[in-house]
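First the structure, in the form of C-alpha cells, and then the observations on it.
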Amino acid sequence: MLGGRSFRPAFLPGVAALAAIALTLSLGNWQTRRAEEKLALGRNLDDAARRVQLSLPPSPVNVRDYEFASVSARGEYSARHTVLLDNKVLHGIAGYQVLTPLKIAGGDMHVLVNRGWVAAGTRRDALPQIRTPAGITAVEGVAIVPSSHIFELDKRTEEGIVWQNLVLARYAKWSGLKLQPVVLQQTSAAADGLERVWARPDTGADKHRGYAFQWYALATTILISYVAFSFKHTA
C-alpha cells in the first residue's frame with residue numbers, strides 16, 4: 001500500500017513490459033560488446049605499432065603474427081587484377097578504395113595492397129583512371145585481416161572491377177592468384193594520386209557506447225512506467 005494505492009500488476013502488460021525490457025537490454029549489451037571489440041582492435045593496433053616492422057616473405061605467413069603489424073613488401077604490381085571497393089566516402093565525397101595485388105619478389109606469392117582512395121567523379125559509369133607504379137616497388141603499411149563474414153542483401157557484389165565488399169577467398173578465386181592472408185593497407189607515399197587516410201579500428205566506439213546508454217535508459221523507463229501504472233487506487 002502506498003498513498004492509498006496498492007501494487008496490482010496486470011498479467012498481459014507485465015509480459016509485454018518484460019519482453020520489451022529483455023529486448024532493449026539485449027540491444028544495449030550488443031552495442032556495449034561492439035564498443036569493446038573496437039577498443040580491443042585499437043589496442044592491438046597500438047601494440048603492433050610498437051613492434052619492429054616485418055617484411056612479407058614470398059611464402060605464406062601466420063595471420064596471428066602479422067595482423068595490425070607494420071609491414072613492408074617488395075615486388076611488382078599486377079595492375080590488371082585491380083579492383084575498386086565502392087561506397088567509400090572521404091572528405092564528404094563518394095569514391096573508391098583501390099586494391100592491387102603485389103607479386104612479392106622471390107616467388108609467386110601475392111599480397112593484396114589497399115593503395116588508397118580516389119573520388120568517383122560525377123558519372124558512375126565512367127571509372128577513374130588509376131596510375132599504377134611499374135617495375136619493382138617497395139610498399140609499407142599495416143597488415144589488415146578483412147572479415148570473411150559480411151552481411152550482403154544482394155548477391156551481386158561484384159560488377160566488373162567494382163566490388164561492394166572484399167572477401168579474400170572470393171578475390172583469390174576471381175583473380176586466380178596465390179595470396180597472403182592479409183591485406184597491406186598502404187601508408188608509404190607513392191606518385192599515384194591516391195589519398196591514404198585510414199580510420200582507426202576503434203573509430204565509433206563512443207557512438208556504440210552512446211547507443212548502449214540509450215537502450216539501457218529505455219529499459220529503465222519501461223520498468224519504471226510499468227511499476228508506476230501497476231499501482232492502483234484501492235476500493
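Residues are named by chain letter and number: chains run A, B, ... in the order of the C-alpha cells, numbers start at 1 in each chain, and ligands are numbered from 1 in the order shown.
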Go through region 21-96 of chain A and flag each residue having an atom no more than 6 Å from region 132-142 of chain A; for those, report the closest pair of atoms plus their distance in Å to one decimal, using only C-alpha atoms, ordered by chain and rising number, as CSV.
residue,atom,partner,partner_atom,distance
A:Phe68,CA,A:Val142,CA,5.6
A:Ala69,CA,A:Val142,CA,5.6
A:Ser70,CA,A:Val142,CA,4.7
A:Val71,CA,A:Gly141,CA,5.5
A:Ser72,CA,A:Glu140,CA,4.3
A:Ala73,CA,A:Val139,CA,5.3
A:Arg74,CA,A:Ala138,CA,4.4
A:Gly75,CA,A:Ile136,CA,5.0
A:Glu76,CA,A:Ile136,CA,4.8
(request) If you run DSSP over the backbone, which residues in region 44-179 of chain A end up helix (DSSP H, G or I)? Put them as an NGL selection string. (result) :A and (44-49 or 63-66 or 79-81 or 168-175)
(message) DSSP on the backbone: which residues in region 17-229 of chain A end up as strand (DSSP E or B)? Give the answer as a PyMOL selection string.
(response) chain A and resi 54-55+70-77+83-90+93-104+109-119+136-144+158-159+162-163+178-186+195
Residues as selected, C-alpha atoms, written as a PDB file, in the first residue's frame, can you do that?
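The resulting file, part-v4.pdb, is shown below:
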ATOM      1  CA  LEU A  54      58.048  -7.049 -40.505  1.00  0.00           C
ATOM      2  CA  SER A  55      58.865  -7.952 -44.096  1.00  0.00           C
ATOM      3  CA  SER A  70      53.753  -2.625 -39.539  1.00  0.00           C
ATOM      4  CA  VAL A  71      54.921  -4.448 -42.657  1.00  0.00           C
ATOM      5  CA  SER A  72      56.840  -3.896 -45.845  1.00  0.00           C
ATOM      6  CA  ALA A  73      56.751  -5.745 -49.141  1.00  0.00           C
ATOM      7  CA  ARG A  74      58.848  -5.573 -52.278  1.00  0.00           C
ATOM      8  CA  GLY A  75      57.650  -6.717 -55.664  1.00  0.00           C
ATOM      9  CA  GLU A  76      55.732  -5.818 -58.792  1.00  0.00           C
ATOM     10  CA  TYR A  77      52.101  -4.792 -59.098  1.00  0.00           C
ATOM     11  CA  VAL A  83      39.551  -3.874 -58.068  1.00  0.00           C
ATOM     12  CA  LEU A  84      37.709  -0.845 -56.710  1.00  0.00           C
ATOM     13  CA  LEU A  85      35.822  -1.051 -53.416  1.00  0.00           C
ATOM     14  CA  ASP A  86      32.672   1.025 -53.827  1.00  0.00           C
ATOM     15  CA  ASN A  87      30.883   3.425 -51.448  1.00  0.00           C
ATOM     16  CA  LYS A  88      33.988   4.748 -49.709  1.00  0.00           C
ATOM     17  CA  VAL A  89      33.480   8.326 -48.534  1.00  0.00           C
ATOM     18  CA  LEU A  90      36.345  10.716 -47.757  1.00  0.00           C
ATOM     19  CA  ILE A  93      32.933  12.821 -51.279  1.00  0.00           C
ATOM     20  CA  ALA A  94      31.947   9.396 -52.605  1.00  0.00           C
ATOM     21  CA  GLY A  95      34.708   7.316 -54.088  1.00  0.00           C
ATOM     22  CA  TYR A  96      36.552   4.026 -54.206  1.00  0.00           C
ATOM     23  CA  GLN A  97      39.395   2.304 -52.410  1.00  0.00           C
ATOM     24  CA  VAL A  98      41.903   0.920 -54.915  1.00  0.00           C
ATOM     25  CA  LEU A  99      43.225  -2.601 -54.322  1.00  0.00           C
ATOM     26  CA  THR A 100      46.015  -4.042 -56.439  1.00  0.00           C
ATOM     27  CA  PRO A 101      47.951  -7.269 -55.845  1.00  0.00           C
ATOM     28  CA  LEU A 102      51.708  -7.037 -55.480  1.00  0.00           C
ATOM     29  CA  LYS A 103      53.714 -10.077 -56.581  1.00  0.00           C
ATOM     30  CA  ILE A 104      56.287 -10.460 -53.826  1.00  0.00           C
ATOM     31  CA  MET A 109      53.023 -15.241 -53.770  1.00  0.00           C
ATOM     32  CA  HIS A 110      50.996 -12.007 -53.893  1.00  0.00           C
ATOM     33  CA  VAL A 111      49.758  -9.614 -51.248  1.00  0.00           C
ATOM     34  CA  LEU A 112      46.700  -7.512 -51.938  1.00  0.00           C
ATOM     35  CA  VAL A 113      47.520  -3.844 -51.330  1.00  0.00           C
ATOM     36  CA  ASN A 114      44.858  -1.300 -50.401  1.00  0.00           C
ATOM     37  CA  ARG A 115      46.603   1.604 -52.077  1.00  0.00           C
ATOM     38  CA  GLY A 116      44.227   4.382 -51.050  1.00  0.00           C
ATOM     39  CA  TRP A 117      41.154   6.382 -52.059  1.00  0.00           C
ATOM     40  CA  VAL A 118      40.097   8.050 -55.289  1.00  0.00           C
ATOM     41  CA  ALA A 119      36.996  10.158 -55.975  1.00  0.00           C
ATOM     42  CA  ILE A 136      59.891  -3.383 -58.721  1.00  0.00           C
ATOM     43  CA  THR A 137      58.185  -1.349 -55.986  1.00  0.00           C
ATOM     44  CA  ALA A 138      58.637  -1.174 -52.216  1.00  0.00           C
ATOM     45  CA  VAL A 139      55.452  -0.698 -50.191  1.00  0.00           C
ATOM     46  CA  GLU A 140      54.971  -0.097 -46.487  1.00  0.00           C
ATOM     47  CA  GLY A 141      51.783  -0.254 -44.465  1.00  0.00           C
ATOM     48  CA  VAL A 142      49.716  -2.074 -41.874  1.00  0.00           C
ATOM     49  CA  ALA A 143      48.630  -5.697 -42.248  1.00  0.00           C
ATOM     50  CA  ILE A 144      44.846  -5.944 -42.028  1.00  0.00           C
ATOM     51  CA  GLU A 158      30.977  -7.656 -57.907  1.00  0.00           C
ATOM     52  CA  GLU A 159      30.304  -5.880 -61.183  1.00  0.00           C
ATOM     53  CA  VAL A 162      33.805  -2.581 -58.880  1.00  0.00           C
ATOM     54  CA  TRP A 163      33.120  -4.550 -55.709  1.00  0.00           C
ATOM     55  CA  LYS A 178      48.131 -17.116 -54.611  1.00  0.00           C
ATOM     56  CA  LEU A 179      47.574 -14.628 -51.785  1.00  0.00           C
ATOM     57  CA  GLN A 180      48.905 -13.843 -48.351  1.00  0.00           C
ATOM     58  CA  PRO A 181      46.082 -13.981 -45.744  1.00  0.00           C
ATOM     59  CA  VAL A 182      46.414 -10.246 -45.015  1.00  0.00           C
ATOM     60  CA  VAL A 183      45.790  -7.026 -46.913  1.00  0.00           C
ATOM     61  CA  LEU A 184      48.548  -4.436 -46.819  1.00  0.00           C
ATOM     62  CA  GLN A 185      46.937  -1.063 -46.023  1.00  0.00           C
ATOM     63  CA  GLN A 186      49.485   1.240 -47.609  1.00  0.00           C
ATOM     64  CA  GLU A 195      44.788   9.556 -50.781  1.00  0.00           C
TER      65      GLU A 195
END
(request) Considering only C-alpha atoms, state which residue in the set A:Ile161, A:Leu18, A:Ala191, A:Val63 is at the smallest distance from Pro128 (chain A). (result)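 Nearest to Pro128 (chain A): A:Ile161.
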(message) Let me make sure I understand: among A:Glu67, A:Ala10, A:Phe231, A:Ala212, which one has the smallest atom-to-atom distance to Gly42 (chain A) if we use only C-alpha atoms?
(response) A:Glu67
(message) For a quick check of understanding, using only C-alpha atoms, which of A:Gly107, A:Leu168, A:Arg131, A:Asn62 has the smallest distance to Ala190 (chain A)?
(response) A:Arg131
Shell of 10 Å around Val227 (chain A), only C-alpha atoms, local chain residues under 5 positions omitted, as a JSON list (two decimals) with N, CA and C atoms, in the first residue's frame:
[["chain", "number", "residue", "atom", "x", "y", "z"],
["A", 7, "PHE", "N", -0.16, -2.18, -5.14],
["A", 7, "PHE", "CA", 0.52, -2.70, -6.33],
["A", 7, "PHE", "C", -0.25, -3.90, -6.87],
["A", 8, "ARG", "N", -0.90, -3.70, -8.02],
["A", 8, "ARG", "CA", -1.70, -4.77, -8.64],
["A", 8, "ARG", "C", -1.33, -4.88, -10.12],
["A", 9, "PRO", "N", -0.23, -5.57, -10.40],
["A", 9, "PRO", "CA", 0.22, -5.68, -11.79],
["A", 9, "PRO", "C", -0.71, -6.55, -12.62],
["A", 14, "GLY", "N", 2.36, -6.93, -18.05],
["A", 14, "GLY", "CA", 3.60, -7.38, -17.45],
["A", 14, "GLY", "C", 4.45, -8.18, -18.40],
["A", 17, "ALA", "N", 5.87, -5.80, -20.94],
["A", 17, "ALA", "CA", 6.95, -5.00, -20.37],
["A", 17, "ALA", "C", 8.23, -5.81, -20.23],
["A", 221, "THR", "N", 13.18, 3.13, -18.30],
["A", 221, "THR", "CA", 11.93, 3.87, -18.42],
["A", 221, "THR", "C", 10.73, 2.93, -18.49],
["A", 222, "ILE", "N", 10.87, 1.85, -19.25],
["A", 222, "ILE", "CA", 9.78, 0.87, -19.36],
["A", 222, "ILE", "C", 9.49, 0.26, -18.00]]
(request) Just give me the gap between CA of Lys232 (chain A) and CA of Ser6 (chain A) in Å, one decimal is fine. (result)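 Taking CA of Lys232 (chain A) as the start and CA of Ser6 (chain A) as the end point, the length is 5.5 Å.
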(request) Would you please work out which residue, of A:Pro58, A:Gly121, A:Gly106, A:Gly28, is nearest to Arg209 (chain A) when using only C-alpha atoms? (result)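 For Arg209 (chain A), the nearest of the candidates is A:Gly28.
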(request) Report the distance between CA of Lys38 (chain A) and CA of Val167 (chain A) in Å, rounded to one decimal place. (result)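 Pair CA of Lys38 (chain A) / CA of Val167 (chain A) returns 20.0 Å.
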(request) Take CA of Ala35 (chain A) and CA of Asp206 (chain A) and report the distance between them in Å, one decimal. (result) 7.0 Å
